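input29.cif (mmCIF, C-alpha atoms and all ligand atoms)
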```
data_data
#
loop_
_atom_site.group_PDB
_atom_site.id
_atom_site.type_symbol
_atom_site.label_atom_id
_atom_site.label_comp_id
_atom_site.auth_asym_id
_atom_site.auth_seq_id
_atom_site.Cartn_x
_atom_site.Cartn_y
_atom_site.Cartn_z
ATOM 1 C CA MET U 169 0.000 0.000 0.000
ATOM 2 C CA LYS U 170 0.967 3.570 -0.593
ATOM 3 C CA ASN U 171 1.589 5.962 2.258
ATOM 4 C CA LYS U 172 -1.487 7.265 3.930
ATOM 5 C CA CYS U 173 -2.776 10.445 2.366
ATOM 6 C CA ARG U 174 -2.312 13.442 4.659
ATOM 7 C CA ILE U 175 -5.658 14.881 3.595
ATOM 8 C CA CYS U 176 -8.052 11.984 3.252
ATOM 9 C CA GLY U 177 -6.112 9.064 4.738
ATOM 10 C CA ASP U 178 -8.258 9.038 7.868
ATOM 11 C CA PHE U 179 -11.606 9.135 6.103
ATOM 12 C CA LYS U 180 -13.715 6.038 6.311
ATOM 13 C CA ASP U 181 -15.131 4.610 3.078
ATOM 14 C CA LYS U 182 -18.354 6.235 4.080
ATOM 15 C CA GLU U 183 -18.615 9.200 6.406
ATOM 16 C CA SER U 184 -21.889 10.647 7.524
ATOM 17 C CA ALA U 185 -22.889 13.493 9.793
ATOM 18 C CA PHE U 186 -26.171 14.699 11.098
ATOM 19 C CA GLN U 187 -27.244 17.914 12.781
ATOM 20 C CA LYS U 188 -30.582 18.716 14.285
ATOM 21 C CA TYR U 189 -31.303 22.245 15.336
ATOM 22 C CA GLY U 190 -31.220 22.554 19.109
ATOM 23 C CA SER U 191 -29.898 19.041 19.627
ATOM 24 C CA GLU U 192 -26.706 18.183 21.490
ATOM 25 C CA ASN U 193 -26.192 14.996 19.537
ATOM 26 C CA CYS U 194 -24.904 16.591 16.359
ATOM 27 C CA THR U 195 -22.101 14.972 14.429
ATOM 28 C CA TYR U 196 -19.835 16.530 11.845
ATOM 29 C CA LEU U 197 -17.720 15.309 8.980
ATOM 30 C CA PRO U 198 -13.902 15.342 9.376
ATOM 31 C CA GLU U 199 -12.323 18.811 9.158
ATOM 32 C CA ASN U 200 -10.143 17.813 6.208
ATOM 33 C CA ILE U 201 -13.127 17.555 3.907
ATOM 34 C CA LYS U 202 -12.778 21.279 3.250
ATOM 35 C CA ASN U 203 -9.466 20.499 1.547
ATOM 36 C CA LEU U 204 -11.081 18.347 -1.119
ATOM 37 C CA ILE U 205 -11.551 20.120 -4.408
ATOM 38 C CA LEU U 206 -14.873 20.348 -6.200
ATOM 39 C CA PHE U 207 -14.672 18.292 -9.352
ATOM 40 C CA LYS U 208 -18.288 18.457 -10.501
ATOM 41 C CA ASP U 209 -21.423 19.951 -8.988
ATOM 42 C CA PHE U 210 -24.454 17.956 -10.091
ATOM 43 C CA ARG U 211 -27.038 20.222 -8.479
ATOM 44 C CA PRO U 212 -25.684 23.766 -8.289
ATOM 45 C CA GLY U 213 -27.503 26.005 -5.841
ATOM 46 C CA SER U 214 -29.582 23.211 -4.337
ATOM 47 C CA ASP U 215 -30.187 22.612 -0.624
ATOM 48 C CA ARG U 216 -29.684 18.961 -1.401
ATOM 49 C CA SER U 217 -26.334 18.974 -3.064
ATOM 50 C CA LYS U 218 -24.632 16.208 -4.912
ATOM 51 C CA GLN U 219 -21.018 16.847 -5.727
ATOM 52 C CA LEU U 220 -18.092 14.884 -6.983
ATOM 53 C CA LYS U 221 -15.004 15.895 -5.047
ATOM 54 C CA GLN U 222 -11.412 14.951 -5.462
ATOM 55 C CA CYS U 223 -8.506 14.867 -3.089
ATOM 56 C CA PRO U 224 -5.805 17.181 -4.498
ATOM 57 C CA ASP U 225 -3.102 15.004 -3.005
ATOM 58 C CA CYS U 226 -3.906 11.374 -3.809
ATOM 59 C CA LYS U 227 -6.535 12.066 -6.528
ATOM 60 C CA ARG U 228 -9.155 9.838 -4.940
ATOM 61 C CA TYR U 229 -12.754 10.682 -5.753
ATOM 62 C CA TYR U 230 -15.520 11.254 -3.253
ATOM 63 C CA LEU U 231 -19.236 11.686 -3.603
ATOM 64 C CA TYR U 232 -20.516 14.389 -1.293
ATOM 65 C CA GLU U 233 -24.239 14.586 -0.713
ATOM 66 C CA THR U 234 -26.252 16.744 1.625
ATOM 67 C CA ASP U 235 -29.841 16.588 2.635
ATOM 68 C CA TYR U 236 -31.992 19.099 4.397
ATOM 69 C CA GLU U 237 -35.359 18.603 6.040
ATOM 70 C CA TYR U 238 -37.318 21.494 7.341
ATOM 71 C CA PHE U 239 -39.297 20.844 10.495
ATOM 72 C CA ALA U 240 -41.107 23.493 12.519
ATOM 73 C CA PHE U 241 -39.462 22.222 15.716
ATOM 74 C CA GLY U 242 -35.923 21.834 14.443
ATOM 75 C CA SER U 243 -34.627 21.361 10.958
ATOM 76 C CA GLU U 244 -32.292 18.520 10.167
ATOM 77 C CA ASP U 245 -29.157 18.550 8.085
ATOM 78 C CA GLU U 246 -27.309 15.541 6.864
ATOM 79 C CA GLN U 247 -24.046 15.140 4.971
ATOM 80 C CA ILE U 248 -22.659 11.963 3.488
ATOM 81 C CA LEU U 249 -19.254 11.469 1.965
ATOM 82 C CA THR U 250 -18.600 8.247 0.073
ATOM 83 C CA ARG U 251 -15.234 7.189 -1.313
ATOM 84 C CA LEU U 252 -15.503 6.175 -4.957
ATOM 85 C CA THR U 253 -13.287 4.113 -7.163
ATOM 86 C CA GLU U 254 -12.162 5.798 -10.338
ATOM 87 C CA SER U 255 -14.588 3.732 -12.422
ATOM 88 C CA GLU U 256 -17.476 4.635 -10.112
ATOM 89 C CA ALA U 257 -16.574 8.309 -10.461
ATOM 90 C CA MET U 258 -16.401 8.026 -14.245
ATOM 91 C CA LYS U 259 -19.743 6.214 -14.345
ATOM 92 C CA LEU U 260 -21.268 9.043 -12.346
ATOM 93 C CA LEU U 261 -19.828 11.680 -14.679
ATOM 94 C CA ASN U 262 -21.096 9.825 -17.719
ATOM 95 C CA SER U 263 -24.579 9.415 -16.309
ATOM 96 C CA ILE U 264 -25.399 13.127 -16.584
HETATM 97 ZN ZN ZN U 301 -6.115 11.971 -0.404
#
```
Let me see whether you can do it: turn the structure in this file into C-alpha cells.
Ligand SMILES: [Zn+2]
Amino acid sequence: MKNKCRICGDFKDKESAFQKYGSENCTYLPENIKNLILFKDFRPGSDRSKQLKQCPDCKRYYLYETDYEYFAFGSEDEQILTRLTESEAMKLLNSI
C-alpha cells in the first residue's frame, strides 16, 4: 500500500454526519473535507447537493451529498461522503 494520504487518509469509506437544530447529539464530517476540491457539482444552488469531489493530493474521488429537512421544531441537516473508485466516479460523470 501507498503511504497514507495526509488529507483523506483518515476518512472512512463512508462518512456521515447529522445535525438537528437545538440538539446536542450533532455529528460533523472530518475537518479535512474542506481540503477536497470540487470536481463536478451535479445540483448547483440546491439545498440537497450532490457533488463529486477529489482529493488534491492522492486524486481519490468522493461523492458528497447533503440533505436538508425542514421541520417546525428543528430542521435537520445531513451530509454523506462516500469514497468512490475511479470507475465509479467516471460512471457518475457519464450518467449526466
Ligand atoms: Zn487523499
Picked residues, the PyMOL selection byres (((chain U and resi 240-249) around 10) and not hetatm), expected as an mmCIF file with C-alpha atoms, keeping the file's coordinate frame:
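Below you can see expr-v8.cif, which holds the result:
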```cif
data_model
loop_
_atom_site.group_PDB
_atom_site.id
_atom_site.type_symbol
_atom_site.label_atom_id
_atom_site.label_comp_id
_atom_site.auth_asym_id
_atom_site.auth_seq_id
_atom_site.Cartn_x
_atom_site.Cartn_y
_atom_site.Cartn_z
ATOM 1 C CA PHE U 179 -11.606 9.135 6.103
ATOM 2 C CA LYS U 180 -13.715 6.038 6.311
ATOM 3 C CA ASP U 181 -15.131 4.610 3.078
ATOM 4 C CA LYS U 182 -18.354 6.235 4.080
ATOM 5 C CA GLU U 183 -18.615 9.200 6.406
ATOM 6 C CA SER U 184 -21.889 10.647 7.524
ATOM 7 C CA ALA U 185 -22.889 13.493 9.793
ATOM 8 C CA PHE U 186 -26.171 14.699 11.098
ATOM 9 C CA GLN U 187 -27.244 17.914 12.781
ATOM 10 C CA LYS U 188 -30.582 18.716 14.285
ATOM 11 C CA TYR U 189 -31.303 22.245 15.336
ATOM 12 C CA GLY U 190 -31.220 22.554 19.109
ATOM 13 C CA SER U 191 -29.898 19.041 19.627
ATOM 14 C CA CYS U 194 -24.904 16.591 16.359
ATOM 15 C CA THR U 195 -22.101 14.972 14.429
ATOM 16 C CA TYR U 196 -19.835 16.530 11.845
ATOM 17 C CA LEU U 197 -17.720 15.309 8.980
ATOM 18 C CA PRO U 198 -13.902 15.342 9.376
ATOM 19 C CA ILE U 201 -13.127 17.555 3.907
ATOM 20 C CA ASP U 215 -30.187 22.612 -0.624
ATOM 21 C CA ARG U 216 -29.684 18.961 -1.401
ATOM 22 C CA SER U 217 -26.334 18.974 -3.064
ATOM 23 C CA LYS U 218 -24.632 16.208 -4.912
ATOM 24 C CA GLN U 219 -21.018 16.847 -5.727
ATOM 25 C CA LEU U 220 -18.092 14.884 -6.983
ATOM 26 C CA LYS U 221 -15.004 15.895 -5.047
ATOM 27 C CA TYR U 230 -15.520 11.254 -3.253
ATOM 28 C CA LEU U 231 -19.236 11.686 -3.603
ATOM 29 C CA TYR U 232 -20.516 14.389 -1.293
ATOM 30 C CA GLU U 233 -24.239 14.586 -0.713
ATOM 31 C CA THR U 234 -26.252 16.744 1.625
ATOM 32 C CA ASP U 235 -29.841 16.588 2.635
ATOM 33 C CA TYR U 236 -31.992 19.099 4.397
ATOM 34 C CA GLU U 237 -35.359 18.603 6.040
ATOM 35 C CA TYR U 238 -37.318 21.494 7.341
ATOM 36 C CA PHE U 239 -39.297 20.844 10.495
ATOM 37 C CA THR U 250 -18.600 8.247 0.073
ATOM 38 C CA ARG U 251 -15.234 7.189 -1.313
ATOM 39 C CA LEU U 252 -15.503 6.175 -4.957
#
```
task: Pick out the residues no farther than 6 Å from ligand ZN 301 (chain U), counting only C-alpha atoms and all ligand atoms, and list them as a PyMOL selection string.
output: chain U and resi 173+175-177+223+225-226+228
- request: To one decimal in Å, tell me the separation between CA of Leu206 in chain U and CA of Leu260 in chain U.
  value: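 One can read the CA of Leu206 in chain U to CA of Leu260 in chain U distance as 14.4 Å.
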message: Report, in Å to a single decimal, how far apart CA of Lys259 in chain U and CA of Asn200 in chain U are.
response: 25.5 Å
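Counting from CA of Asn171 in chain U, the distance to CA of Ala257 in chain U is 22.3 Å.
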Restrict the output to range 178-257 of chain U and C-alpha atoms, then write it as a short mmCIF file (atom, residue, chain, number, x, y, z; two decimals), in the first residue's frame.
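Everything below was put into selection00.cif:
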```cif
data_model
loop_
_atom_site.label_atom_id
_atom_site.label_comp_id
_atom_site.auth_asym_id
_atom_site.auth_seq_id
_atom_site.Cartn_x
_atom_site.Cartn_y
_atom_site.Cartn_z
CA ASP U 178 -8.26 9.04 7.87
CA PHE U 179 -11.61 9.14 6.10
CA LYS U 180 -13.72 6.04 6.31
CA ASP U 181 -15.13 4.61 3.08
CA LYS U 182 -18.35 6.24 4.08
CA GLU U 183 -18.62 9.20 6.41
CA SER U 184 -21.89 10.65 7.52
CA ALA U 185 -22.89 13.49 9.79
CA PHE U 186 -26.17 14.70 11.10
CA GLN U 187 -27.24 17.91 12.78
CA LYS U 188 -30.58 18.72 14.28
CA TYR U 189 -31.30 22.24 15.34
CA GLY U 190 -31.22 22.55 19.11
CA SER U 191 -29.90 19.04 19.63
CA GLU U 192 -26.71 18.18 21.49
CA ASN U 193 -26.19 15.00 19.54
CA CYS U 194 -24.90 16.59 16.36
CA THR U 195 -22.10 14.97 14.43
CA TYR U 196 -19.83 16.53 11.84
CA LEU U 197 -17.72 15.31 8.98
CA PRO U 198 -13.90 15.34 9.38
CA GLU U 199 -12.32 18.81 9.16
CA ASN U 200 -10.14 17.81 6.21
CA ILE U 201 -13.13 17.56 3.91
CA LYS U 202 -12.78 21.28 3.25
CA ASN U 203 -9.47 20.50 1.55
CA LEU U 204 -11.08 18.35 -1.12
CA ILE U 205 -11.55 20.12 -4.41
CA LEU U 206 -14.87 20.35 -6.20
CA PHE U 207 -14.67 18.29 -9.35
CA LYS U 208 -18.29 18.46 -10.50
CA ASP U 209 -21.42 19.95 -8.99
CA PHE U 210 -24.45 17.96 -10.09
CA ARG U 211 -27.04 20.22 -8.48
CA PRO U 212 -25.68 23.77 -8.29
CA GLY U 213 -27.50 26.00 -5.84
CA SER U 214 -29.58 23.21 -4.34
CA ASP U 215 -30.19 22.61 -0.62
CA ARG U 216 -29.68 18.96 -1.40
CA SER U 217 -26.33 18.97 -3.06
CA LYS U 218 -24.63 16.21 -4.91
CA GLN U 219 -21.02 16.85 -5.73
CA LEU U 220 -18.09 14.88 -6.98
CA LYS U 221 -15.00 15.90 -5.05
CA GLN U 222 -11.41 14.95 -5.46
CA CYS U 223 -8.51 14.87 -3.09
CA PRO U 224 -5.81 17.18 -4.50
CA ASP U 225 -3.10 15.00 -3.00
CA CYS U 226 -3.91 11.37 -3.81
CA LYS U 227 -6.53 12.07 -6.53
CA ARG U 228 -9.15 9.84 -4.94
CA TYR U 229 -12.75 10.68 -5.75
CA TYR U 230 -15.52 11.25 -3.25
CA LEU U 231 -19.24 11.69 -3.60
CA TYR U 232 -20.52 14.39 -1.29
CA GLU U 233 -24.24 14.59 -0.71
CA THR U 234 -26.25 16.74 1.62
CA ASP U 235 -29.84 16.59 2.63
CA TYR U 236 -31.99 19.10 4.40
CA GLU U 237 -35.36 18.60 6.04
CA TYR U 238 -37.32 21.49 7.34
CA PHE U 239 -39.30 20.84 10.49
CA ALA U 240 -41.11 23.49 12.52
CA PHE U 241 -39.46 22.22 15.72
CA GLY U 242 -35.92 21.83 14.44
CA SER U 243 -34.63 21.36 10.96
CA GLU U 244 -32.29 18.52 10.17
CA ASP U 245 -29.16 18.55 8.09
CA GLU U 246 -27.31 15.54 6.86
CA GLN U 247 -24.05 15.14 4.97
CA ILE U 248 -22.66 11.96 3.49
CA LEU U 249 -19.25 11.47 1.97
CA THR U 250 -18.60 8.25 0.07
CA ARG U 251 -15.23 7.19 -1.31
CA LEU U 252 -15.50 6.18 -4.96
CA THR U 253 -13.29 4.11 -7.16
CA GLU U 254 -12.16 5.80 -10.34
CA SER U 255 -14.59 3.73 -12.42
CA GLU U 256 -17.48 4.63 -10.11
CA ALA U 257 -16.57 8.31 -10.46
#
```
